[in-house]
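What follows is the content of structure26.cif, which has mmCIF, C-alpha atoms:
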```cif
data_target
#
loop_
_atom_site.group_PDB
_atom_site.id
_atom_site.type_symbol
_atom_site.label_atom_id
_atom_site.label_comp_id
_atom_site.auth_asym_id
_atom_site.auth_seq_id
_atom_site.Cartn_x
_atom_site.Cartn_y
_atom_site.Cartn_z
ATOM 1 C CA GLN A 17 -154.729 -100.676 90.073
ATOM 2 C CA ALA A 18 -154.237 -98.402 93.049
ATOM 3 C CA GLN A 19 -152.439 -99.964 95.959
ATOM 4 C CA LEU A 20 -151.619 -99.146 99.521
ATOM 5 C CA VAL A 21 -149.131 -101.288 101.425
ATOM 6 C CA GLU A 22 -148.607 -100.851 105.154
ATOM 7 C CA SER A 23 -145.514 -101.947 107.039
ATOM 8 C CA GLY A 24 -143.726 -101.336 110.313
ATOM 9 C CA GLY A 25 -146.061 -103.016 112.741
ATOM 10 C CA GLY A 26 -144.755 -105.157 115.549
ATOM 11 C CA SER A 27 -144.754 -105.797 119.275
ATOM 12 C CA VAL A 28 -143.314 -103.318 121.752
ATOM 13 C CA GLN A 29 -143.684 -102.556 125.420
ATOM 14 C CA ALA A 30 -145.757 -99.698 126.721
ATOM 15 C CA GLY A 31 -143.893 -96.433 126.447
ATOM 16 C CA GLY A 32 -142.090 -97.528 123.318
ATOM 17 C CA SER A 33 -142.273 -96.275 119.744
ATOM 18 C CA LEU A 34 -143.039 -97.599 116.308
ATOM 19 C CA ARG A 35 -143.107 -96.016 112.881
ATOM 20 C CA LEU A 36 -145.639 -97.303 110.395
ATOM 21 C CA SER A 37 -145.267 -96.747 106.672
ATOM 22 C CA CYS A 38 -147.906 -96.677 103.978
ATOM 23 C CA THR A 39 -146.457 -96.863 100.490
ATOM 24 C CA ALA A 40 -148.892 -95.954 97.765
ATOM 25 C CA SER A 41 -149.019 -96.543 94.063
ATOM 26 C CA GLU A 42 -148.881 -93.416 91.900
ATOM 27 C CA SER A 43 -152.624 -93.384 91.439
ATOM 28 C CA ALA A 44 -153.377 -93.823 95.139
ATOM 29 C CA TYR A 45 -150.876 -91.152 96.142
ATOM 30 C CA SER A 46 -152.542 -88.698 93.797
ATOM 31 C CA SER A 47 -155.524 -88.724 96.137
ATOM 32 C CA ASN A 48 -156.044 -85.587 98.194
ATOM 33 C CA CYS A 49 -155.827 -87.225 101.601
ATOM 34 C CA LEU A 50 -154.266 -90.287 103.143
ATOM 35 C CA SER A 51 -155.442 -91.451 106.539
ATOM 36 C CA TRP A 52 -154.516 -93.995 109.162
ATOM 37 C CA PHE A 53 -157.210 -96.047 110.869
ATOM 38 C CA ARG A 54 -157.070 -98.760 113.471
ATOM 39 C CA GLN A 55 -159.347 -101.498 114.635
ATOM 40 C CA ALA A 56 -158.916 -103.526 117.795
ATOM 41 C CA PRO A 57 -160.662 -106.868 118.276
ATOM 42 C CA GLY A 58 -164.283 -106.349 119.202
ATOM 43 C CA LYS A 59 -164.099 -102.589 118.669
ATOM 44 C CA GLU A 60 -165.179 -100.242 115.934
ATOM 45 C CA ARG A 61 -162.732 -98.829 113.461
ATOM 46 C CA GLU A 62 -161.197 -95.547 114.594
ATOM 47 C CA GLY A 63 -159.675 -92.813 112.489
ATOM 48 C CA VAL A 64 -156.244 -92.006 113.901
ATOM 49 C CA ALA A 65 -154.622 -89.381 111.689
ATOM 50 C CA THR A 66 -154.942 -87.844 108.271
ATOM 51 C CA ILE A 67 -152.783 -85.760 105.980
ATOM 52 C CA TYR A 68 -153.746 -83.733 102.941
ATOM 53 C CA THR A 69 -151.124 -84.734 100.409
ATOM 54 C CA GLY A 70 -151.250 -81.445 98.569
ATOM 55 C CA GLY A 71 -150.673 -79.016 101.382
ATOM 56 C CA GLY A 72 -149.575 -81.220 104.264
ATOM 57 C CA ARG A 73 -152.426 -80.242 106.585
ATOM 58 C CA THR A 74 -152.890 -82.834 109.297
ATOM 59 C CA ALA A 75 -155.489 -83.841 111.856
ATOM 60 C CA TYR A 76 -155.533 -86.353 114.690
ATOM 61 C CA ALA A 77 -157.928 -88.237 116.877
ATOM 62 C CA ASP A 78 -158.010 -86.969 120.460
ATOM 63 C CA SER A 79 -156.793 -90.363 121.663
ATOM 64 C CA VAL A 80 -153.440 -89.991 119.869
ATOM 65 C CA ARG A 81 -152.873 -86.249 119.585
ATOM 66 C CA GLY A 82 -149.477 -85.331 121.001
ATOM 67 C CA ARG A 83 -148.202 -88.906 120.762
ATOM 68 C CA PHE A 84 -148.594 -89.744 117.072
ATOM 69 C CA THR A 85 -147.312 -87.781 114.088
ATOM 70 C CA ILE A 86 -148.333 -88.285 110.474
ATOM 71 C CA SER A 87 -145.970 -87.170 107.739
ATOM 72 C CA GLN A 88 -145.315 -87.716 104.046
ATOM 73 C CA ASP A 89 -142.412 -88.267 101.706
ATOM 74 C CA ASN A 90 -143.558 -87.321 98.224
ATOM 75 C CA ALA A 91 -140.398 -88.711 96.623
ATOM 76 C CA LYS A 92 -141.281 -92.145 97.978
ATOM 77 C CA ASN A 93 -145.089 -91.943 97.706
ATOM 78 C CA THR A 94 -145.128 -92.836 101.373
ATOM 79 C CA VAL A 95 -147.024 -91.633 104.406
ATOM 80 C CA TYR A 96 -145.657 -92.375 107.857
ATOM 81 C CA LEU A 97 -147.224 -92.668 111.278
ATOM 82 C CA GLN A 98 -144.704 -92.113 114.047
ATOM 83 C CA MET A 99 -146.160 -93.499 117.243
ATOM 84 C CA ASN A 100 -144.544 -92.576 120.554
ATOM 85 C CA SER A 101 -145.477 -93.211 124.182
ATOM 86 C CA LEU A 102 -147.426 -96.244 123.112
ATOM 87 C CA LYS A 103 -150.074 -97.676 125.404
ATOM 88 C CA PRO A 104 -151.676 -101.124 125.558
ATOM 89 C CA GLU A 105 -154.888 -99.557 124.266
ATOM 90 C CA ASP A 106 -153.069 -98.673 121.039
ATOM 91 C CA THR A 107 -153.004 -102.382 120.215
ATOM 92 C CA ALA A 108 -154.865 -102.837 116.926
ATOM 93 C CA MET A 109 -154.595 -103.566 113.250
ATOM 94 C CA TYR A 110 -153.584 -100.335 111.575
ATOM 95 C CA TYR A 111 -154.753 -99.527 108.059
ATOM 96 C CA CYS A 112 -154.061 -96.711 105.685
ATOM 97 C CA ALA A 113 -156.639 -95.442 103.246
ATOM 98 C CA ALA A 114 -156.797 -92.865 100.483
ATOM 99 C CA SER A 115 -159.577 -90.645 99.268
ATOM 100 C CA PHE A 116 -159.949 -88.344 96.280
ATOM 101 C CA SER A 117 -162.716 -86.448 97.994
ATOM 102 C CA CYS A 118 -161.709 -85.466 101.504
ATOM 103 C CA LEU A 119 -163.752 -82.368 102.111
ATOM 104 C CA THR A 120 -163.122 -82.111 105.823
ATOM 105 C CA THR A 121 -160.750 -83.635 108.335
ATOM 106 C CA ILE A 122 -163.780 -85.048 110.150
ATOM 107 C CA GLN A 123 -164.697 -86.916 106.992
ATOM 108 C CA ALA A 124 -161.093 -88.000 106.462
ATOM 109 C CA LEU A 125 -161.032 -89.539 109.926
ATOM 110 C CA SER A 126 -164.485 -91.101 109.631
ATOM 111 C CA GLY A 127 -163.548 -93.558 106.908
ATOM 112 C CA VAL A 128 -166.491 -92.473 104.785
ATOM 113 C CA GLY A 129 -165.634 -91.968 101.141
ATOM 114 C CA MET A 130 -162.258 -93.675 101.187
ATOM 115 C CA ASP A 131 -161.426 -94.985 97.746
ATOM 116 C CA TYR A 132 -158.602 -97.365 98.592
ATOM 117 C CA TRP A 133 -157.606 -99.367 101.637
ATOM 118 C CA GLY A 134 -154.488 -101.281 102.517
ATOM 119 C CA GLU A 135 -154.516 -104.679 104.159
ATOM 120 C CA GLY A 136 -153.152 -103.515 107.473
ATOM 121 C CA THR A 137 -150.237 -104.026 109.799
ATOM 122 C CA LEU A 138 -150.579 -105.344 113.344
ATOM 123 C CA VAL A 139 -149.412 -103.332 116.337
ATOM 124 C CA THR A 140 -149.278 -105.015 119.740
ATOM 125 C CA ILE A 141 -148.366 -103.104 122.881
ATOM 126 C CA SER A 142 -147.654 -105.027 126.058
ATOM 127 C CA SER A 143 -147.903 -103.571 129.550
#
```

Using the file provided, produce a representation of the structure as structure tokens.
Amino acid sequence: QAQLVESGGGSVQAGGSLRLSCTASESAYSSNCLSWFRQAPGKEREGVATIYTGGGRTAYADSVRGRFTISQDNAKNTVYLQMNSLKPEDTAMYYCAASFSCLTTIQALSGVGMDYWGEGTLVTISS
């Protein structure tokens, strides 16, 4: 059974940093892309960042580019999301997801075709 487990969420003040982790089972990590999504109350889910696990290619949503960095540690089957210069509007539940069929970064950030989802970790940014 493929699994994705997120951790690292918490409450910080605006301008602060957090690092989220997504630890995947062997089968989930063998997917070709792992992505981070977020969903705030009353808002639609938003793709935040994605990484192609084979080559390390990354892509970001415009709302986080330059502030967030996605990276991977193949030895630990883990993908990280380093979040800097956090803003109150970054407050959301953050999820990671894996897909075996990411054809484009647009698809990887859309959420369409994701094969596995984690249960999320909550990030709260106060002003």

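Minimum distance to A:Thr120 across A:Ser79, A:Thr74, A:Asn100, A:Ser143 (counting all atoms listed in the file) occurs at A:Thr74.
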
Margin query: What's around stretch 131-134 of chain A at 9 Å? Count only C-alpha atoms, leave out sequence neighbours fewer than 5 positions away in its own chain, and write the answer as JSON, numbers by chain.
Written below: {"A": [18, 19, 20, 21, 22, 38, 44, 47, 111, 112, 113, 114, 115, 116, 117]}

Next item on the list: Check the smallest atom-to-atom distance from each of A:Val28, A:Cys118, A:Met99, A:Leu125 to A:Ala75 using only C-alpha atoms, then report the winner.
Entry: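 Of A:Val28, A:Cys118, A:Met99, A:Leu125, the one nearest A:Ala75 is A:Leu125, counting only C-alpha atoms.
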
Note to self: My list of candidates is A:Ala108, A:Leu138, A:Met130, A:Leu102. Which is closest to A:Ser33 when distances are computed with all atoms listed in the file?
What the structure shows: A:Leu102

Checklist line | Atomic distance atom CA of A:Ser126 - atom CA of A:Gly24, expressed in Å with one decimal | finding: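 Spanning atom CA of A:Ser126 to atom CA of A:Gly24 is a straight-line distance of 23.2 Å.
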
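Picture a line from atom CA of A:Glu62 to atom CA of A:Gln98; it runs 16.9 Å.
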
Margin query: Considering all atoms listed in the file, can you say which of A:Ser46, A:Arg73, A:Tyr68, A:Thr140 comes closest to A:Thr107?
Written below: A:Thr140

Check: Which of these, A:Ser43, A:Thr66, A:Gln17, A:Gln123, has the shortest distance to A:Thr85 once you count only C-alpha atoms?
Finding: A:Thr66

Check: With all atoms listed in the file as the atoms that count, which of A:Ile141, A:Glu42, A:Tyr96, A:Ile122 lies nearest to A:Ala77?
Finding: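 Among A:Ile141, A:Glu42, A:Tyr96, A:Ile122, it is A:Ile122 that comes nearest to A:Ala77.
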
Note to self: If I take atom CA of A:Asn48 and atom CA of A:Asn93, how far is one from the other in Å, to one decimal?
What the structure shows: 12.7 Å
